[in-house]
Amino acid sequence: MNKRQKIFVTAAIIIVLASVVATASYSNLQEEMEVDKLKIVATFYPLAFFAQQIGGEEVTVKQLIPDNTEVHNWQPAFADILAVDEADVIVYNGASLDHWFEDDILSIIDSSDKIIVETAEGLELLETETEHADEHEHEELYDPHTWISPFLAKQQAQKIYEALIQKDPTHMDYYTERWQTLQERFEELDNNYLSELSTKKKEKIFVTHSAFGYLADRYSFKQYGVIGISADEQPSASVYANLVQIMIKHETYMVYVDPVYPQESAQTLKNDLETLTDQNVQILKLYIMLGSIDGVDYFGQQEKNLENLKIGLEA
């Protein structure tokens, strides 16, 4: 190796070592900065989104369930339990949606120094019924899909805001300013729904998953679903036949489906209805807002829902 090569190799080693040291220093600095932030764990996307919108740069938000994943039957891993145990504020939906959170996580962690927020607590929940075919009995349940209604979502987000200022009063002004901005977005959206759907000519929508009860209740229409509030139900042929007859009766030729879930149910309704009526049946999206999708976040999906509801309800 000549002198020039030695200089080159030495310089390369120095650059690599400097890079390693710089990276380590930056990582340590980041860790120190993260330690000073309020740690929030939220079970799923809309609650994590609200928490981040309110907390901004003063919080770190961990979302347990990955975007666009079924919530009802998700199971936590050990790393998820550890994250919850290290959190300052813990946020979940309640209303039996994320029941595993109460059963499998809250029951085993030390919650004495944490604020736990059940965001659906105190909301006016809609009762629903499910029939057990083998027992011929009805079990009363509550619809857990509160966050789909901007009116109720605002109340859920307010609970998160109140938890943040309670746990971290030093940054109350910062959180309050961000909460007021978020609150205004909810109120504007709710007013748009009320105003733009007030001129609707139809009163019914047909969906593959009956997750839109709070929208229907707030904005005065009715939903008919292939399946009920639980997304893992298996519809029977008689369910499809009954829905098709109702759609024919009300001259409705549109089916709504959330892009997260399989499209087979919507396609079955479309095919059956087109066969019987010779009408062109349209399939439109109605988001359940379990994660960012189609390039739009929670509010973008809310706005698209309003646009598509206006089409189906002829507003």
# chains A, B, ... in the order shown; residues from 1 in each chain; ligands from 1
call {"tool": "select_by_dssp", "arguments": {"residues": "stretch 35-230 of chain A", "states": "strand (DSSP E)", "output": "count of residues only"}}
result
42
call {"tool": "select_by_dssp", "arguments": {"residues": "stretch 31-280 of chain A", "states": "helix (DSSP H, G or I)", "output": "ChimeraX atom specification"}}
result
/A:31-35,45-58,78-85,99-106,146-148,150-167,169-196,213-219,237-249,264-277
call {"tool": "write_last_selection", "arguments": {"atoms": "C-alpha atoms", "output": "short mmCIF file (atom, residue, chain, number, x, y, z; two decimals), in the first residue's frame"}}
result
data_model
loop_
_atom_site.label_atom_id
_atom_site.label_comp_id
_atom_site.auth_asym_id
_atom_site.auth_seq_id
_atom_site.Cartn_x
_atom_site.Cartn_y
_atom_site.Cartn_z
CA GLU A 31 -33.92 9.75 23.38
CA GLU A 32 -33.34 12.59 25.85
CA MET A 33 -35.89 14.72 24.02
CA GLU A 34 -38.40 11.85 23.93
CA VAL A 35 -38.02 11.32 27.70
CA TYR A 45 -56.16 5.06 14.69
CA PRO A 46 -58.86 7.70 15.36
CA LEU A 47 -57.92 8.02 19.04
CA ALA A 48 -54.20 8.17 18.22
CA PHE A 49 -54.96 10.78 15.56
CA PHE A 50 -56.92 12.94 18.02
CA ALA A 51 -54.19 12.62 20.65
CA GLN A 52 -51.50 13.68 18.18
CA GLN A 53 -53.56 16.60 16.92
CA ILE A 54 -53.95 17.89 20.49
CA GLY A 55 -50.53 16.95 21.85
CA GLY A 56 -48.42 18.05 18.89
CA GLU A 57 -44.71 18.26 19.61
CA GLU A 58 -45.12 17.82 23.36
CA PHE A 78 -45.82 -8.45 24.97
CA ALA A 79 -44.28 -5.30 23.46
CA ASP A 80 -47.73 -3.67 23.42
CA ILE A 81 -48.28 -4.45 27.10
CA LEU A 82 -44.84 -3.01 27.90
CA ALA A 83 -45.64 0.20 25.97
CA VAL A 84 -48.88 0.64 27.91
CA ASP A 85 -47.06 0.03 31.18
CA HIS A 99 -62.66 -5.25 25.26
CA TRP A 100 -59.33 -7.10 25.02
CA PHE A 101 -57.68 -3.90 26.27
CA GLU A 102 -59.51 -4.04 29.56
CA ASP A 103 -59.26 -7.82 29.87
CA ASP A 104 -55.68 -8.47 28.74
CA ILE A 105 -53.79 -5.24 29.50
CA LEU A 106 -55.40 -2.98 32.10
CA THR A 146 -68.82 6.33 18.09
CA TRP A 147 -65.81 7.94 16.37
CA ILE A 148 -67.54 7.75 12.98
CA PRO A 150 -68.07 13.89 14.20
CA PHE A 151 -70.52 14.99 16.89
CA LEU A 152 -69.50 12.15 19.22
CA ALA A 153 -65.86 12.09 18.10
CA LYS A 154 -65.54 15.67 19.34
CA GLN A 155 -66.64 14.53 22.79
CA GLN A 156 -64.15 11.67 22.72
CA ALA A 157 -61.34 14.01 21.70
CA GLN A 158 -62.28 16.42 24.49
CA LYS A 159 -61.70 13.64 27.03
CA ILE A 160 -58.20 13.19 25.62
CA TYR A 161 -57.55 16.94 25.87
CA GLU A 162 -58.69 17.00 29.49
CA ALA A 163 -56.38 14.08 30.31
CA LEU A 164 -53.40 15.85 28.74
CA ILE A 165 -53.83 19.08 30.69
CA GLN A 166 -54.39 17.11 33.87
CA LYS A 167 -51.22 15.06 33.43
CA PRO A 169 -50.44 21.24 33.17
CA THR A 170 -47.15 22.93 32.23
CA HIS A 171 -48.18 22.81 28.57
CA MET A 172 -51.87 23.57 29.14
CA ASP A 173 -51.88 26.67 26.91
CA TYR A 174 -50.27 24.74 24.07
CA TYR A 175 -52.73 21.85 24.36
CA THR A 176 -55.67 24.23 24.70
CA GLU A 177 -54.81 26.13 21.54
CA ARG A 178 -54.50 22.91 19.55
CA TRP A 179 -57.68 21.48 21.07
CA GLN A 180 -59.65 24.60 20.10
CA THR A 181 -58.47 24.19 16.50
CA LEU A 182 -59.50 20.52 16.50
CA GLN A 183 -62.83 21.33 18.14
CA GLU A 184 -63.59 23.85 15.41
CA ARG A 185 -62.88 21.22 12.73
CA PHE A 186 -65.32 18.81 14.36
CA GLU A 187 -68.00 21.48 14.67
CA GLU A 188 -67.57 22.63 11.08
CA LEU A 189 -67.84 19.04 9.88
CA ASP A 190 -70.92 18.37 12.00
CA ASN A 191 -72.58 21.54 10.71
CA ASN A 192 -71.79 20.54 7.13
CA TYR A 193 -73.41 17.14 7.65
CA LEU A 194 -76.50 18.73 9.21
CA SER A 195 -76.81 21.38 6.51
CA GLU A 196 -75.96 19.38 3.40
CA GLY A 213 -75.66 3.97 13.27
CA TYR A 214 -74.44 7.15 14.93
CA LEU A 215 -74.27 8.98 11.60
CA ALA A 216 -77.78 7.77 10.81
CA ASP A 217 -79.08 8.82 14.24
CA ARG A 218 -77.50 12.27 14.14
CA TYR A 219 -78.35 13.13 10.53
CA ALA A 237 -78.54 -16.12 1.67
CA SER A 238 -81.78 -14.99 3.30
CA VAL A 239 -80.08 -11.79 4.50
CA TYR A 240 -79.12 -10.89 0.94
CA ALA A 241 -82.58 -11.76 -0.37
CA ASN A 242 -84.29 -9.61 2.24
CA LEU A 243 -82.00 -6.62 1.57
CA VAL A 244 -82.54 -6.89 -2.17
CA GLN A 245 -86.31 -6.80 -1.68
CA ILE A 246 -86.05 -3.72 0.56
CA MET A 247 -83.81 -1.99 -2.00
CA ILE A 248 -86.27 -2.74 -4.78
CA LYS A 249 -89.17 -1.45 -2.68
CA GLU A 264 -67.73 -9.65 -1.84
CA SER A 265 -70.90 -8.70 0.06
CA ALA A 266 -71.33 -5.48 -1.90
CA GLN A 267 -70.73 -7.30 -5.17
CA THR A 268 -73.27 -9.99 -4.25
CA LEU A 269 -75.93 -7.35 -3.54
CA LYS A 270 -75.07 -5.56 -6.76
CA ASN A 271 -75.30 -8.72 -8.85
CA ASP A 272 -78.59 -9.89 -7.29
CA LEU A 273 -80.19 -6.47 -7.60
CA GLU A 274 -79.08 -5.95 -11.19
CA THR A 275 -80.35 -9.42 -12.14
CA LEU A 276 -83.80 -8.75 -10.70
CA THR A 277 -84.25 -5.12 -11.77
#
call {"tool": "closest_residue", "arguments": {"among": "A:Val260, A:Val89, A:Ile109, A:Leu306", "to": "A:Asp294", "atoms": "only C-alpha atoms"}}
result
A:Val260
call {"tool": "atom_distance", "arguments": {"atom1": "atom CA of A:Thr43", "atom2": "atom CA of A:Asn308"}}
result
28.1 Å
call {"tool": "residues_around", "arguments": {"residues": "A:Leu309", "least_positions_apart": "5", "cutoff": "9 Å", "atoms": "only C-alpha atoms", "output": "PDB file with C-alpha atoms, in the first residue's frame"}}
result
ATOM      1  CA  LEU A 197     -78.019  16.303   4.308  1.00  0.00           C
ATOM      2  CA  ILE A 205     -78.689   3.603   2.878  1.00  0.00           C
ATOM      3  CA  LEU A 286     -68.125   4.826   3.171  1.00  0.00           C
ATOM      4  CA  LYS A 304     -65.595  11.916   1.439  1.00  0.00           C
ATOM      5  CA  GLU A 314     -80.005  12.438  -3.111  1.00  0.00           C
ATOM      6  CA  ALA A 315     -79.224  15.559  -1.098  1.00  0.00           C
TER       7      ALA A 315
END
call {"tool": "atom_distance", "arguments": {"atom1": "atom CA of A:Tyr142", "atom2": "atom CA of A:Val117"}}
result
18.5 Å
call {"tool": "atom_distance", "arguments": {"atom1": "atom CA of A:Ala120", "atom2": "atom CA of A:Ile229"}}
result
15.9 Å
call {"tool": "closest_residue", "arguments": {"among": "A:Asp110, A:Glu251, A:Asp98, A:Asp36", "to": "A:Lys201", "atoms": "only C-alpha atoms"}}
result
A:Glu251
call {"tool": "residues_around", "arguments": {"residues": "A:Tyr224", "least_positions_apart": "2", "cutoff": "8 Å", "atoms": "only C-alpha atoms", "output": "PDB file with N, CA and C atoms, in the first residue's frame"}}
result
ATOM      1  N   LYS A 204     -82.799   6.125   3.373  1.00  0.00           N
ATOM      2  CA  LYS A 204     -82.172   4.849   3.701  1.00  0.00           C
ATOM      3  C   LYS A 204     -80.890   4.646   2.909  1.00  0.00           C
ATOM      4  N   ILE A 205     -79.894   4.036   3.577  1.00  0.00           N
ATOM      5  CA  ILE A 205     -78.689   3.603   2.878  1.00  0.00           C
ATOM      6  C   ILE A 205     -78.475   2.121   3.151  1.00  0.00           C
ATOM      7  N   PHE A 206     -77.750   1.468   2.254  1.00  0.00           N
ATOM      8  CA  PHE A 206     -77.482   0.035   2.374  1.00  0.00           C
ATOM      9  C   PHE A 206     -75.967  -0.155   2.412  1.00  0.00           C
ATOM     10  N   VAL A 207     -75.511  -0.790   3.486  1.00  0.00           N
ATOM     11  CA  VAL A 207     -74.080  -0.913   3.739  1.00  0.00           C
ATOM     12  C   VAL A 207     -73.723  -2.381   3.953  1.00  0.00           C
ATOM     13  N   SER A 210     -72.802  -2.672   9.342  1.00  0.00           N
ATOM     14  CA  SER A 210     -73.678  -1.709  10.019  1.00  0.00           C
ATOM     15  C   SER A 210     -72.921  -0.898  11.072  1.00  0.00           C
ATOM     16  N   LYS A 222     -81.566   6.097   7.862  1.00  0.00           N
ATOM     17  CA  LYS A 222     -81.539   4.737   8.403  1.00  0.00           C
ATOM     18  C   LYS A 222     -80.582   3.890   7.586  1.00  0.00           C
ATOM     19  N   VAL A 226     -75.610  -5.663   5.610  1.00  0.00           N
ATOM     20  CA  VAL A 226     -75.475  -7.098   5.349  1.00  0.00           C
ATOM     21  C   VAL A 226     -75.105  -7.808   6.641  1.00  0.00           C
ATOM     22  N   LEU A 243     -82.517  -7.952   1.900  1.00  0.00           N
ATOM     23  CA  LEU A 243     -82.001  -6.624   1.571  1.00  0.00           C
ATOM     24  C   LEU A 243     -82.338  -6.233   0.139  1.00  0.00           C
TER      25      LEU A 243
END
call {"tool": "closest_residue", "arguments": {"among": "A:Thr60, A:Asn68, A:Ser96, A:Asn73", "to": "A:Gly291", "atoms": "only C-alpha atoms"}}
result
A:Asn68
